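J.: Encoded as C-alpha cells, here's the structure I'll be asking about.
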Amino acid sequence: MNTNFVVDLGRGGYHAMIFARRYRGLLCTSSILVYEFRRAGRGSWCRDLLRRHSISIIRVPVLKYYRRALEVLRDLGVKRPSENTVFDTAHILVCLDHGLVFVTSDKRSCNRAIRLGVECIMYREVVDL
C-alpha cells in the first residue's frame with residue numbers, strides 16, 4: 001500500500017477503516033512507507049498505526065528501491081517525477097518483487113502498477129462494492 005492509504009487510515013477515513021477491518025491480518029507495507037513518515041517526523045505514529053491495524057512491514061532497502069523507481073520512471077518516459085511519484089513507484093516495485101497487490105486510491109499510481117505488471121486495488125472503490 002502507499003502513503004495515501006495510511007494517511008486516510010490515520011484520519012479515520014471511512015473507506016480505509018472498512019478496508020483495513022475487512023482485510024485485517026492480510027495487509028502489509030514496506031519500510032519505504034515508514035521511511036516516508038519518519039522523514040516527516042511521524043515514524044513512530046506510522047508504526048503504531050500499522051500495528052493497531054495488524055498491518056505488517058516488509059523490510060526492504062529503501063534507497064535501492066528509490067533509485068530503481070527513478071530508472072523505471074525514466075524508462076516509462078516520465079520527466080522530472082515528483083517525490084510522491086517516485087515513492088509510489090518504489091512501493092509498486094516492492095509489490096512486483098514480492099508478488100503482492102498494490103493498494104491505493106490514486107488512479108495514476110494504479111495505472112502505473114498495472115502497466116508494470118502488478119495487480120492494483122483502489123480501496124475506496126472496493127469498499128463501495
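We label chains A, B, ... in the order they appear in the C-alpha cells, count residues from 1 in each chain, and number ligands from 1 in the order shown.
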Would you list, as a PyMOL selection string, the residues of stretch 2-126 of chain A that end up in alpha helix (DSSP H) under DSSP run on this structure's backbone?
T.: chain A and resi 3-10+14-22+31-39+43-52+62-75+83-98+107-115+123-126
J.: With only C-alpha atoms as the counted atoms, please give the residues lying no more than 12 Å from A:Thr85, apart from itself and same-chain residues fewer than 5 positions off, as a list of chain:residue names.
T.: A:Asn2, A:Thr3, A:Asn4, A:Tyr66, A:Ala69, A:Leu70, A:Val72, A:Leu73, A:Arg74, A:Val78, A:Lys79, A:Arg80, A:Ala90, A:His91, A:Ile92, A:Asp106, A:Lys107, A:Arg108, A:Ser109, A:Cys110, A:Arg112, A:Ala113
J.: Filtering to C-alpha atoms, could you give me those residues as a PDB file, in the first residue's frame?
T.:
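This went into selection.pdb:
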ATOM      1  CA  ASN A   2       1.119   3.532  -0.462  1.00  0.00           C
ATOM      2  CA  THR A   3       1.070   6.607   1.719  1.00  0.00           C
ATOM      3  CA  ASN A   4      -2.413   7.855   0.869  1.00  0.00           C
ATOM      4  CA  TYR A  66      14.122   4.657  -4.722  1.00  0.00           C
ATOM      5  CA  ALA A  69      11.970   3.653  -9.221  1.00  0.00           C
ATOM      6  CA  LEU A  70      13.757   6.610 -10.810  1.00  0.00           C
ATOM      7  CA  VAL A  72      11.704   2.739 -14.173  1.00  0.00           C
ATOM      8  CA  LEU A  73      10.043   6.134 -14.417  1.00  0.00           C
ATOM      9  CA  ARG A  74      12.706   7.303 -16.856  1.00  0.00           C
ATOM     10  CA  VAL A  78       8.301  10.372 -17.040  1.00  0.00           C
ATOM     11  CA  LYS A  79      10.377  13.538 -16.952  1.00  0.00           C
ATOM     12  CA  ARG A  80      11.077  15.160 -13.577  1.00  0.00           C
ATOM     13  CA  ALA A  90       9.055   2.215  -5.290  1.00  0.00           C
ATOM     14  CA  HIS A  91       6.018   0.765  -3.471  1.00  0.00           C
ATOM     15  CA  ILE A  92       4.868  -0.781  -6.750  1.00  0.00           C
ATOM     16  CA  ASP A 106      -4.513   7.187  -6.692  1.00  0.00           C
ATOM     17  CA  LYS A 107      -5.654   6.284 -10.209  1.00  0.00           C
ATOM     18  CA  ARG A 108      -2.325   7.275 -11.828  1.00  0.00           C
ATOM     19  CA  SER A 109      -0.356   5.061  -9.456  1.00  0.00           C
ATOM     20  CA  CYS A 110      -2.814   2.233 -10.013  1.00  0.00           C
ATOM     21  CA  ARG A 112       1.368   2.597 -13.406  1.00  0.00           C
ATOM     22  CA  ALA A 113       1.211  -0.554 -11.279  1.00  0.00           C
TER      23      ALA A 113
END
J.: Residues within 12 Å of A:Ile114, please, as a compact mmCIF listing (two decimals) with C-alpha atoms, in the first residue's frame. Count only C-alpha atoms; anything in the same chain fewer than 4 positions from it doesn't count.
T.:
# COMPACT_ATOMS: atom_id res chain seq x y z
CA THR A 89 6.68 3.63 -7.92
CA ILE A 92 4.87 -0.78 -6.75
CA LEU A 93 8.30 -2.34 -7.30
CA CYS A 95 4.83 -5.44 -4.78
CA LEU A 96 6.30 -6.69 -8.04
CA VAL A 101 -1.13 -6.46 -4.77
CA PHE A 102 -0.73 -2.68 -4.72
CA VAL A 103 -3.36 -0.81 -2.64
CA LYS A 107 -5.65 6.28 -10.21
CA ARG A 108 -2.33 7.27 -11.83
CA SER A 109 -0.36 5.06 -9.46
CA CYS A 110 -2.81 2.23 -10.01
CA VAL A 118 1.25 -5.50 -10.64
CA GLU A 119 -2.38 -6.02 -9.69
CA CYS A 120 -3.89 -2.91 -8.12
CA ILE A 121 -6.81 -2.40 -5.75
CA MET A 122 -8.43 1.01 -5.44
J.: Given only C-alpha atoms as the basis, pick out the residue of A:Ser30, A:Ser105, A:Asn111, A:Ser44 nearest to A:Val62.
T.: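 The closest residue to A:Val62 is A:Ser30.
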J.: Please measure the separation of atom CA of A:Lys64 and atom CA of A:Leu116, giving the value in Å to one decimal.
T.: 17.7 Å
